$ cat target_11.tsv   # TSV, C-alpha atoms
chain	number	residue	atom	x	y	z
D	4	MET	CA	-19.99	44.19	47.42
D	5	LEU	CA	-17.08	44.80	45.06
D	6	ARG	CA	-14.63	44.46	47.96
D	7	LEU	CA	-16.15	41.11	48.93
D	8	ALA	CA	-16.00	39.91	45.31
D	9	ALA	CA	-12.37	41.04	45.05
D	10	LEU	CA	-11.52	39.21	48.30
D	11	LEU	CA	-13.24	36.03	47.11
D	12	GLY	CA	-11.41	36.37	43.80
D	13	LEU	CA	-8.02	36.60	45.54
D	14	LEU	CA	-8.83	33.61	47.75
D	15	GLY	CA	-9.99	31.69	44.70
D	16	LEU	CA	-6.80	32.55	42.81
D	17	ALA	CA	-4.72	31.34	45.75
D	18	ALA	CA	-6.74	28.11	45.83
D	19	ALA	CA	-6.31	27.62	42.06
D	20	ILE	CA	-2.53	28.06	42.35
D	21	ALA	CA	-2.46	25.65	45.31
D	22	VAL	CA	-4.38	23.01	43.30
D	23	ILE	CA	-1.93	23.29	40.39
D	24	ILE	CA	1.10	23.07	42.71
D	25	TRP	CA	-0.43	20.07	44.51
D	26	SER	CA	-1.07	18.38	41.14
D	27	GLY	CA	2.61	18.71	40.25
D	28	TYR	CA	3.65	22.04	38.79
D	29	GLY	CA	6.33	20.55	36.53
D	30	GLU	CA	4.06	17.78	35.27
D	31	VAL	CA	1.29	20.27	34.50
D	32	LEU	CA	3.70	22.44	32.48
D	33	ARG	CA	4.89	19.40	30.53
D	34	ALA	CA	1.30	18.41	29.80
D	35	LEU	CA	0.58	21.93	28.52
D	36	ASP	CA	3.71	21.78	26.39
D	37	VAL	CA	2.37	18.55	24.83
D	38	ALA	CA	-0.92	20.30	24.06
D	39	GLY	CA	0.91	23.19	22.35
D	40	TRP	CA	-1.20	24.84	19.67
D	41	GLY	CA	-4.05	22.58	20.73
D	42	ILE	CA	-4.76	25.14	23.47
D	43	LEU	CA	-5.64	27.70	20.79
D	44	TRP	CA	-7.80	25.27	18.78
D	45	THR	CA	-9.61	24.20	21.95
D	46	SER	CA	-10.28	27.84	22.82
D	47	LEU	CA	-11.64	28.53	19.33
D	48	ALA	CA	-13.94	25.51	19.67
D	49	HIS	CA	-15.81	27.56	22.29
D	50	LEU	CA	-17.24	29.58	19.40
D	51	ILE	CA	-19.52	26.62	18.59
D	52	PRO	CA	-21.56	26.73	21.84
D	53	MET	CA	-21.54	30.54	21.65
D	54	ILE	CA	-23.12	30.44	18.18
D	55	CYS	CA	-25.78	28.00	19.42
D	56	CYS	CA	-26.61	30.36	22.27
D	57	VAL	CA	-26.79	33.31	19.85
D	58	ILE	CA	-29.31	31.52	17.62
D	59	GLY	CA	-31.51	30.72	20.64
D	60	TRP	CA	-31.38	34.27	22.03
D	61	ARG	CA	-32.17	35.89	18.68
D	62	ALA	CA	-35.18	33.59	18.20
D	63	LEU	CA	-36.89	35.30	21.13
D	64	MET	CA	-36.84	38.76	19.57
D	65	PRO	CA	-40.24	40.02	18.35
D	66	GLY	CA	-40.88	41.15	14.80
D	67	ARG	CA	-39.64	39.95	11.43
D	68	THR	CA	-36.73	42.39	11.13
D	69	ARG	CA	-34.56	41.22	13.99
D	70	PRO	CA	-30.94	42.30	14.51
D	71	SER	CA	-28.36	40.11	12.78
D	72	HIS	CA	-26.75	37.01	14.23
D	73	PHE	CA	-23.43	38.90	14.24
D	74	PHE	CA	-24.95	41.64	16.41
D	75	PHE	CA	-26.16	39.08	18.95
D	76	PHE	CA	-22.82	37.28	18.82
D	77	ARG	CA	-21.05	40.50	19.78
D	78	LEU	CA	-23.56	41.03	22.59
D	79	LEU	CA	-23.04	37.51	23.93
D	80	TRP	CA	-19.26	37.81	23.55
D	81	ILE	CA	-19.14	40.97	25.67
D	82	ARG	CA	-21.73	39.67	28.15
D	83	ALA	CA	-19.81	36.46	28.76
D	84	ALA	CA	-16.53	38.39	29.09
D	85	VAL	CA	-17.97	40.64	31.80
D	86	ASN	CA	-19.50	37.70	33.68
D	87	ASN	CA	-16.38	35.51	33.46
D	88	LEU	CA	-13.59	38.02	34.00
D	89	MET	CA	-15.09	40.70	36.25
D	90	PRO	CA	-16.33	40.54	39.88
D	91	VAL	CA	-20.03	40.94	39.03
D	92	ALA	CA	-21.50	37.69	40.46
D	93	ARG	CA	-22.30	36.55	36.90
D	94	ILE	CA	-25.08	39.09	36.40
D	95	GLY	CA	-23.31	42.29	35.36
D	96	GLY	CA	-22.88	41.00	31.83
D	97	GLU	CA	-26.65	40.94	31.33
D	98	ILE	CA	-26.92	44.60	32.37
D	99	VAL	CA	-24.14	45.53	29.95
D	100	ALA	CA	-25.85	43.57	27.14
D	101	VAL	CA	-29.19	45.31	27.72
D	102	ARG	CA	-27.45	48.70	27.67
D	103	LEU	CA	-25.76	47.86	24.37
D	104	MET	CA	-29.06	46.69	22.86
D	105	ILE	CA	-30.79	49.93	23.85
D	106	LYS	CA	-27.85	51.99	22.55
D	107	HIS	CA	-28.22	50.27	19.18
D	108	GLY	CA	-31.90	51.14	18.87
D	109	ILE	CA	-33.67	48.06	20.27
D	110	ARG	CA	-36.71	48.97	22.37
D	111	ARG	CA	-36.03	48.95	26.09
D	112	THR	CA	-38.86	46.52	26.85
D	113	SER	CA	-37.74	44.07	24.15
D	114	ALA	CA	-34.10	44.27	25.24
D	115	ILE	CA	-34.82	43.62	28.93
D	116	ALA	CA	-37.59	41.05	28.40
D	117	SER	CA	-35.62	39.00	25.87
D	118	THR	CA	-32.62	38.94	28.21
D	119	VAL	CA	-34.75	37.81	31.18
D	120	VAL	CA	-36.43	35.04	29.18
D	121	GLU	CA	-33.12	33.96	27.62
D	122	ILE	CA	-31.49	33.73	31.05
D	123	THR	CA	-34.42	31.65	32.34
D	124	THR	CA	-34.31	29.21	29.42
D	125	SER	CA	-30.53	28.97	29.80
D	126	VAL	CA	-30.90	28.12	33.50
D	127	ALA	CA	-33.50	25.48	32.65
D	128	ALA	CA	-31.26	24.05	29.90
D	129	VAL	CA	-28.18	23.84	32.12
D	130	PHE	CA	-30.32	22.28	34.85
D	131	LEU	CA	-31.32	19.47	32.45
D	132	PHE	CA	-27.74	19.22	31.23
D	133	ASP	CA	-26.48	18.87	34.82
D	134	ILE	CA	-29.10	16.23	35.64
D	135	LEU	CA	-28.00	14.12	32.68
D	136	GLY	CA	-24.30	14.62	33.49
D	137	ILE	CA	-24.68	13.72	37.16
D	138	GLY	CA	-26.85	10.74	36.22
D	139	LEU	CA	-24.20	9.41	33.84
D	140	PHE	CA	-21.54	10.08	36.46
D	141	ALA	CA	-23.50	8.12	39.08
D	142	LEU	CA	-23.84	5.17	36.71
D	143	HIS	CA	-20.11	5.33	35.95
D	144	VAL	CA	-18.69	5.56	39.49
D	145	GLY	CA	-21.47	3.79	41.38
D	146	GLU	CA	-22.46	4.70	44.92
D	147	ASN	CA	-20.34	7.58	46.11
D	148	ASN	CA	-20.61	10.34	48.71
D	149	VAL	CA	-19.67	12.99	46.15
D	150	VAL	CA	-22.46	11.86	43.80
D	151	LEU	CA	-24.95	12.03	46.66
D	152	LYS	CA	-23.89	15.59	47.55
D	153	LEU	CA	-24.15	16.67	43.92
D	154	ALA	CA	-27.61	15.14	43.60
D	155	VAL	CA	-28.80	16.80	46.83
D	156	GLY	CA	-27.37	20.15	45.72
D	157	LEU	CA	-29.14	19.91	42.38
D	158	LEU	CA	-32.38	18.86	44.11
D	159	LEU	CA	-32.18	21.88	46.43
D	160	SER	CA	-31.82	24.19	43.43
D	161	THR	CA	-35.12	22.95	41.93
D	162	PRO	CA	-37.30	25.29	44.06
D	163	VAL	CA	-35.10	28.23	43.00
D	164	LEU	CA	-35.73	27.47	39.32
D	165	ALA	CA	-39.45	27.01	39.98
D	166	ALA	CA	-39.59	30.28	41.94
D	167	LEU	CA	-37.86	32.09	39.05
D	168	VAL	CA	-40.58	30.94	36.65
D	169	VAL	CA	-43.45	31.71	39.09
D	170	ILE	CA	-42.15	35.19	39.88
D	171	GLN	CA	-41.98	36.00	36.19
D	172	ARG	CA	-45.57	34.84	35.68
D	173	VAL	CA	-46.79	36.93	38.64
D	174	GLY	CA	-44.81	40.01	37.60
D	175	PHE	CA	-41.05	39.95	38.19
D	176	PHE	CA	-40.38	43.66	37.78
D	177	GLY	CA	-43.51	44.80	39.59
D	178	LEU	CA	-42.65	42.67	42.64
D	179	LEU	CA	-39.03	43.80	42.79
D	180	ASN	CA	-39.54	47.42	41.74
D	181	ARG	CA	-39.54	48.75	45.30
D	182	LEU	CA	-36.41	46.79	46.23
D	183	PHE	CA	-34.52	47.92	43.10
D	184	THR	CA	-35.63	51.52	43.71
D	185	LEU	CA	-34.26	51.39	47.27
D	186	LEU	CA	-30.97	49.90	46.08
D	187	PHE	CA	-30.36	51.92	42.93
D	188	ARG	CA	-32.76	54.91	43.33
D	189	ASP	CA	-33.17	56.99	40.15
D	190	ALA	CA	-30.66	54.87	38.23
D	191	TRP	CA	-33.09	51.92	38.32
D	192	LYS	CA	-36.05	53.94	37.02
D	193	LYS	CA	-33.91	55.45	34.28
D	194	PHE	CA	-32.69	51.99	33.26
D	195	ALA	CA	-35.94	49.99	33.49
D	196	GLY	CA	-38.61	52.57	32.72
D	197	ASN	CA	-42.21	51.36	33.18
D	198	THR	CA	-42.09	48.06	35.08
D	199	ALA	CA	-45.67	47.14	34.12
D	200	LYS	CA	-44.68	47.30	30.44
D	201	LEU	CA	-41.65	45.11	31.15
D	202	ASP	CA	-43.80	42.45	32.82
D	203	ARG	CA	-46.23	42.50	29.89
D	204	ALA	CA	-43.33	42.13	27.46
D	205	VAL	CA	-42.02	39.10	29.39
D	206	HIS	CA	-45.50	37.50	29.41
D	207	THR	CA	-45.86	38.14	25.68
D	208	MET	CA	-42.56	36.40	24.98
D	209	TYR	CA	-43.57	33.36	27.02
D	210	ARG	CA	-46.84	33.14	25.08
D	211	ARG	CA	-44.78	32.64	21.91
D	212	ARG	CA	-44.10	29.08	23.02
D	213	LYS	CA	-42.53	27.94	19.78
D	214	ARG	CA	-39.84	30.62	20.08
D	215	VAL	CA	-39.22	29.82	23.76
D	216	ILE	CA	-38.89	26.09	22.99
D	217	THR	CA	-36.52	26.94	20.11
D	218	CYS	CA	-34.42	29.04	22.46
D	219	PHE	CA	-34.36	26.25	25.06
D	220	ALA	CA	-33.30	23.67	22.46
D	221	TRP	CA	-30.43	25.83	21.20
D	222	GLN	CA	-29.37	26.61	24.78
D	223	PHE	CA	-29.27	22.91	25.63
D	224	LEU	CA	-27.28	22.24	22.46
D	225	SER	CA	-24.91	25.03	23.51
D	226	TRP	CA	-24.19	23.37	26.86
D	227	THR	CA	-23.84	19.97	25.20
D	228	THR	CA	-21.38	21.16	22.54
D	229	GLY	CA	-19.35	22.71	25.36
D	230	SER	CA	-18.41	19.11	26.22
D	231	PHE	CA	-16.59	18.94	22.90
D	232	GLU	CA	-14.05	21.43	24.30
D	233	ILE	CA	-13.24	18.99	27.11
D	234	TRP	CA	-12.91	16.10	24.68
D	235	LEU	CA	-10.73	18.15	22.32
D	236	ALA	CA	-8.46	19.43	25.10
D	237	LEU	CA	-7.88	15.89	26.35
D	238	HIS	CA	-7.17	14.81	22.77
D	239	PHE	CA	-4.38	17.40	22.51
D	240	LEU	CA	-3.12	16.32	25.94
D	241	ASN	CA	-2.76	12.79	24.47
D	242	HIS	CA	-5.32	11.45	26.92
D	243	GLU	CA	-8.38	10.24	25.03
D	244	LEU	CA	-11.71	9.89	26.82
D	245	PRO	CA	-15.12	8.91	25.42
D	246	PHE	CA	-17.36	11.88	24.68
D	247	SER	CA	-19.79	10.66	27.35
D	248	GLN	CA	-17.12	11.20	30.02
D	249	ALA	CA	-16.27	14.62	28.62
D	250	PHE	CA	-20.01	15.35	28.91
D	251	MET	CA	-19.90	14.29	32.58
D	252	ILE	CA	-16.90	16.50	33.35
D	253	GLU	CA	-18.46	19.56	31.70
D	254	ALA	CA	-21.75	19.04	33.57
D	255	LEU	CA	-20.00	18.57	36.90
D	256	ILE	CA	-17.82	21.66	36.38
D	257	GLN	CA	-20.87	23.73	35.45
D	258	THR	CA	-22.62	22.52	38.60
D	259	ALA	CA	-19.65	23.45	40.78
D	260	SER	CA	-19.21	26.83	39.04
D	261	SER	CA	-22.89	27.68	39.46
D	262	ALA	CA	-22.68	26.90	43.17
D	263	ALA	CA	-19.70	29.28	43.43
D	264	PHE	CA	-21.35	32.14	41.50
D	265	ALA	CA	-20.15	34.72	44.05
D	266	VAL	CA	-16.49	33.87	43.32
D	267	PRO	CA	-15.26	35.72	40.20
D	268	GLY	CA	-14.81	33.16	37.42
D	269	ALA	CA	-15.30	30.37	40.02
D	270	LEU	CA	-11.55	30.69	40.66
D	271	GLY	CA	-10.21	27.79	42.68
D	272	VAL	CA	-13.57	25.98	42.68
D	273	GLN	CA	-13.29	25.14	38.98
D	274	GLU	CA	-9.68	23.95	39.30
D	275	ALA	CA	-10.49	21.78	42.32
D	276	GLY	CA	-13.51	20.39	40.45
D	277	PHE	CA	-11.42	19.37	37.46
D	278	VAL	CA	-8.93	17.54	39.69
D	279	LEU	CA	-11.58	15.88	41.88
D	280	PHE	CA	-13.96	14.77	39.14
D	281	GLY	CA	-11.11	13.98	36.77
D	282	HIS	CA	-9.57	11.68	39.36
D	283	MET	CA	-12.89	9.87	39.79
D	284	LEU	CA	-12.98	9.33	36.02
D	285	GLY	CA	-9.40	8.06	35.86
D	286	LEU	CA	-7.48	11.26	34.98
D	287	ALA	CA	-4.09	11.81	36.58
D	288	PRO	CA	-3.92	14.99	38.71
D	289	ASP	CA	-1.49	16.70	36.32
D	290	ILE	CA	-3.74	16.03	33.30
D	291	ALA	CA	-6.82	17.26	35.16
D	292	ALA	CA	-4.98	20.40	36.32
D	293	ALA	CA	-3.70	21.01	32.78
D	294	LEU	CA	-7.30	20.69	31.58
D	295	ALA	CA	-8.30	23.38	34.10
D	296	VAL	CA	-5.48	25.66	32.89
D	297	ILE	CA	-6.59	25.20	29.27
D	298	ARG	CA	-10.10	26.29	30.32
D	299	ARG	CA	-8.59	29.43	31.86
D	300	CYS	CA	-6.55	30.04	28.71
D	301	ARG	CA	-9.78	29.86	26.74
D	302	ASP	CA	-11.34	32.56	28.91
D	303	LEU	CA	-8.33	34.85	28.44
D	304	LEU	CA	-7.98	34.27	24.68
D	305	ILE	CA	-11.69	34.63	23.90
D	306	TYR	CA	-12.89	37.17	26.45
D	307	ILE	CA	-10.10	39.71	27.00
D	308	PRO	CA	-10.51	41.02	23.41
D	309	ALA	CA	-14.26	41.38	24.14
D	310	LEU	CA	-13.55	43.61	27.14
D	311	ILE	CA	-11.26	45.74	24.99
D	312	VAL	CA	-13.94	46.07	22.28
D	313	TRP	CA	-16.56	46.97	24.88
D	314	GLN	CA	-14.40	49.64	26.53
D	315	ALA	CA	-13.46	51.11	23.15
D	316	GLN	CA	-17.14	51.36	22.28
D	317	GLU	CA	-18.00	52.98	25.62
D	318	GLY	CA	-15.11	55.40	25.10
D	319	ARG	CA	-16.46	56.45	21.69
D	320	TRP	CA	-19.93	57.08	23.15
D	321	LEU	CA	-18.44	59.13	25.98
D	322	LEU	CA	-16.41	61.27	23.57
D	323	ASN	CA	-19.49	61.87	21.41
D	324	ARG	CA	-21.42	63.06	24.49
D	325	LEU	CA	-18.62	65.46	25.43
D	326	LYS	CA	-18.51	67.08	21.97

$ encode --input "target_11.tsv" --output "structure tokens"
Amino acid sequence: MLRLAALLGLLGLAAAIAVIIWSGYGEVLRALDVAGWGILWTSLAHLIPMICCVIGWRALMPGRTRPSHFFFFRLLWIRAAVNNLMPVARIGGEIVAVRLMIKHGIRRTSAIASTVVEITTSVAAVFLFDILGIGLFALHVGENNVVLKLAVGLLLSTPVLAALVVIQRVGFFGLLNRLFTLLFRDAWKKFAGNTAKLDRAVHTMYRRRKRVITCFAWQFLSWTTGSFEIWLALHFLNHELPFSQAFMIEALIQTASSAAFAVPGALGVQEAGFVLFGHMLGLAPDIAAALAVIRRCRDLLIYIPALIVWQAQEGRWLLNRLK
């Protein structure tokens, strides 16, 4: 699995480089030079959607004495870093986050259940976000083959979202316990513990509808404020676009990235998406490619420090065990 992910990552990197070269390597560099320090400010703007996500996730936690917002921010920071920079098919970060929660004294059932429910609400929120973005895009460009393919792709993903909700209501962990045991053997039982308790914890969280709706609202706001990064990056590139079009680009890129979940960081797919959708919204190829590079710079500036913090923490725990 890791070998396949690494291969897809290398192919994606080659595709990303090819897109930038095709867009005009020199022109892209000049556009980035125009942006200058704006690349840093655009990267820091990503903290806004992260904070929104943190507030939503924390709202799901049971009890009055919940861990601090800072604790959940660190969890999200590390989780996103693992999912965006490592070949884990965008799921390894959740496992790391649950491990960190348990290590810091949060009950296993609460840690796993809150993560499962948070992921589900996030998927539902990005689904709504993508619907709105594709709808606006269709109104803007009119009848187009690309719009039709995007709409069909989103329509086909509807049963997957519905199945995710139904499985959780029936008993997600109970249904998949045998499969996980075959795949991971004793490691799964050690990690998950009693699957019946996990399913009850998930059901209990869903019964707290006000908290689930709060989480969904903050998740949707998180995806929406992510559009501000697009708008801000284009501002520093001296190419102003209305916020509605930045919203469209972000939604379309998220749709493309979700479809390419097996490719680490959606390498190549994301760059091609920026150039394709940017062109359809009137962006020159070099500006669209520069926008894609700024997005990659954001990932490196924000998430590499998170991986370092995570590994340092794991190193401390390992040394304490060896003493």

$ atom_distance --input "target_11.tsv" --atom1 "CA of Met53 (chain D)" --atom2 "CA of Trp313 (chain D)"
17.5 Å

$ atom_distance --input "target_11.tsv" --atom1 "CA of Ile54 (chain D)" --atom2 "CA of Ala34 (chain D)"
29.6 Å

$ closest_residue --input "target_11.tsv" --among "D:Thr228, D:Arg298, D:Ala116, D:Ala291" --to "Glu30 (chain D)" --atoms "all atoms listed in the file"
D:Ala291

$ residues_around --input "target_11.tsv" --residues "Cys300 (chain D)" --least-positions-apart "2" --cutoff "12 Å" --atoms "only C-alpha atoms" --output "JSON, numbers by chain"
{"D": [35, 39, 40, 41, 42, 43, 44, 45, 46, 47, 49, 88, 236, 293, 294, 295, 296, 297, 298, 302, 303, 304, 305, 306, 307]}

$ write_last_selection --input "target_11.tsv" --atoms "C-alpha atoms" --output "mmCIF file, in the frame of the given file"
data_model
loop_
_atom_site.group_PDB
_atom_site.id
_atom_site.type_symbol
_atom_site.label_atom_id
_atom_site.label_comp_id
_atom_site.auth_asym_id
_atom_site.auth_seq_id
_atom_site.Cartn_x
_atom_site.Cartn_y
_atom_site.Cartn_z
ATOM 1 C CA LEU D 35 0.580 21.930 28.520
ATOM 2 C CA GLY D 39 0.910 23.190 22.350
ATOM 3 C CA TRP D 40 -1.200 24.840 19.670
ATOM 4 C CA GLY D 41 -4.050 22.580 20.730
ATOM 5 C CA ILE D 42 -4.760 25.140 23.470
ATOM 6 C CA LEU D 43 -5.640 27.700 20.790
ATOM 7 C CA TRP D 44 -7.800 25.270 18.780
ATOM 8 C CA THR D 45 -9.610 24.200 21.950
ATOM 9 C CA SER D 46 -10.280 27.840 22.820
ATOM 10 C CA LEU D 47 -11.640 28.530 19.330
ATOM 11 C CA HIS D 49 -15.810 27.560 22.290
ATOM 12 C CA LEU D 88 -13.590 38.020 34.000
ATOM 13 C CA ALA D 236 -8.460 19.430 25.100
ATOM 14 C CA ALA D 293 -3.700 21.010 32.780
ATOM 15 C CA LEU D 294 -7.300 20.690 31.580
ATOM 16 C CA ALA D 295 -8.300 23.380 34.100
ATOM 17 C CA VAL D 296 -5.480 25.660 32.890
ATOM 18 C CA ILE D 297 -6.590 25.200 29.270
ATOM 19 C CA ARG D 298 -10.100 26.290 30.320
ATOM 20 C CA ASP D 302 -11.340 32.560 28.910
ATOM 21 C CA LEU D 303 -8.330 34.850 28.440
ATOM 22 C CA LEU D 304 -7.980 34.270 24.680
ATOM 23 C CA ILE D 305 -11.690 34.630 23.900
ATOM 24 C CA TYR D 306 -12.890 37.170 26.450
ATOM 25 C CA ILE D 307 -10.100 39.710 27.000
#

$ atom_distance --input "target_11.tsv" --atom1 "CA of Phe75 (chain D)" --atom2 "CA of Ile58 (chain D)"
8.3 Å

$ build_atoms --input "target_11.tsv" --residues "region 298-314 of chain D" --atoms "N, CA and C atoms" --output "PDB file, keeping the file's coordinate frame"
ATOM      1  N   ARG D 298      -8.809  25.587  30.205  1.00  0.00           N
ATOM      2  CA  ARG D 298     -10.100  26.290  30.320  1.00  0.00           C
ATOM      3  C   ARG D 298      -9.872  27.767  30.653  1.00  0.00           C
ATOM      4  N   ARG D 299      -8.903  28.037  31.533  1.00  0.00           N
ATOM      5  CA  ARG D 299      -8.590  29.430  31.860  1.00  0.00           C
ATOM      6  C   ARG D 299      -7.970  30.150  30.666  1.00  0.00           C
ATOM      7  N   CYS D 300      -7.135  29.451  29.923  1.00  0.00           N
ATOM      8  CA  CYS D 300      -6.550  30.040  28.710  1.00  0.00           C
ATOM      9  C   CYS D 300      -7.640  30.420  27.725  1.00  0.00           C
ATOM     10  N   ARG D 301      -8.645  29.566  27.624  1.00  0.00           N
ATOM     11  CA  ARG D 301      -9.780  29.860  26.740  1.00  0.00           C
ATOM     12  C   ARG D 301     -10.454  31.166  27.146  1.00  0.00           C
ATOM     13  N   ASP D 302     -10.688  31.339  28.446  1.00  0.00           N
ATOM     14  CA  ASP D 302     -11.340  32.560  28.910  1.00  0.00           C
ATOM     15  C   ASP D 302     -10.516  33.798  28.552  1.00  0.00           C
ATOM     16  N   LEU D 303      -9.190  33.698  28.726  1.00  0.00           N
ATOM     17  CA  LEU D 303      -8.330  34.850  28.440  1.00  0.00           C
ATOM     18  C   LEU D 303      -8.274  35.135  26.938  1.00  0.00           C
ATOM     19  N   LEU D 304      -8.116  34.084  26.133  1.00  0.00           N
ATOM     20  CA  LEU D 304      -7.980  34.270  24.680  1.00  0.00           C
ATOM     21  C   LEU D 304      -9.270  34.769  24.034  1.00  0.00           C
ATOM     22  N   ILE D 305     -10.416  34.279  24.512  1.00  0.00           N
ATOM     23  CA  ILE D 305     -11.690  34.630  23.900  1.00  0.00           C
ATOM     24  C   ILE D 305     -12.276  35.915  24.485  1.00  0.00           C
ATOM     25  N   TYR D 306     -12.135  36.104  25.798  1.00  0.00           N
ATOM     26  CA  TYR D 306     -12.890  37.170  26.450  1.00  0.00           C
ATOM     27  C   TYR D 306     -12.139  38.473  26.685  1.00  0.00           C
ATOM     28  N   ILE D 307     -10.817  38.434  26.827  1.00  0.00           N
ATOM     29  CA  ILE D 307     -10.100  39.710  27.000  1.00  0.00           C
ATOM     30  C   ILE D 307     -10.303  40.633  25.800  1.00  0.00           C
ATOM     31  N   PRO D 308     -10.210  40.138  24.556  1.00  0.00           N
ATOM     32  CA  PRO D 308     -10.510  41.020  23.410  1.00  0.00           C
ATOM     33  C   PRO D 308     -11.919  41.615  23.479  1.00  0.00           C
ATOM     34  N   ALA D 309     -12.887  40.864  24.023  1.00  0.00           N
ATOM     35  CA  ALA D 309     -14.260  41.380  24.140  1.00  0.00           C
ATOM     36  C   ALA D 309     -14.316  42.566  25.090  1.00  0.00           C
ATOM     37  N   LEU D 310     -13.579  42.483  26.202  1.00  0.00           N
ATOM     38  CA  LEU D 310     -13.550  43.610  27.140  1.00  0.00           C
ATOM     39  C   LEU D 310     -12.927  44.840  26.494  1.00  0.00           C
ATOM     40  N   ILE D 311     -11.902  44.625  25.680  1.00  0.00           N
ATOM     41  CA  ILE D 311     -11.260  45.740  24.990  1.00  0.00           C
ATOM     42  C   ILE D 311     -12.229  46.392  23.999  1.00  0.00           C
ATOM     43  N   VAL D 312     -12.947  45.557  23.237  1.00  0.00           N
ATOM     44  CA  VAL D 312     -13.940  46.070  22.280  1.00  0.00           C
ATOM     45  C   VAL D 312     -15.028  46.848  23.001  1.00  0.00           C
ATOM     46  N   TRP D 313     -15.516  46.313  24.109  1.00  0.00           N
ATOM     47  CA  TRP D 313     -16.560  46.970  24.880  1.00  0.00           C
ATOM     48  C   TRP D 313     -16.102  48.329  25.402  1.00  0.00           C
ATOM     49  N   GLN D 314     -14.906  48.378  25.991  1.00  0.00           N
ATOM     50  CA  GLN D 314     -14.400  49.640  26.530  1.00  0.00           C
ATOM     51  C   GLN D 314     -14.141  50.670  25.431  1.00  0.00           C
TER      52      GLN D 314
END
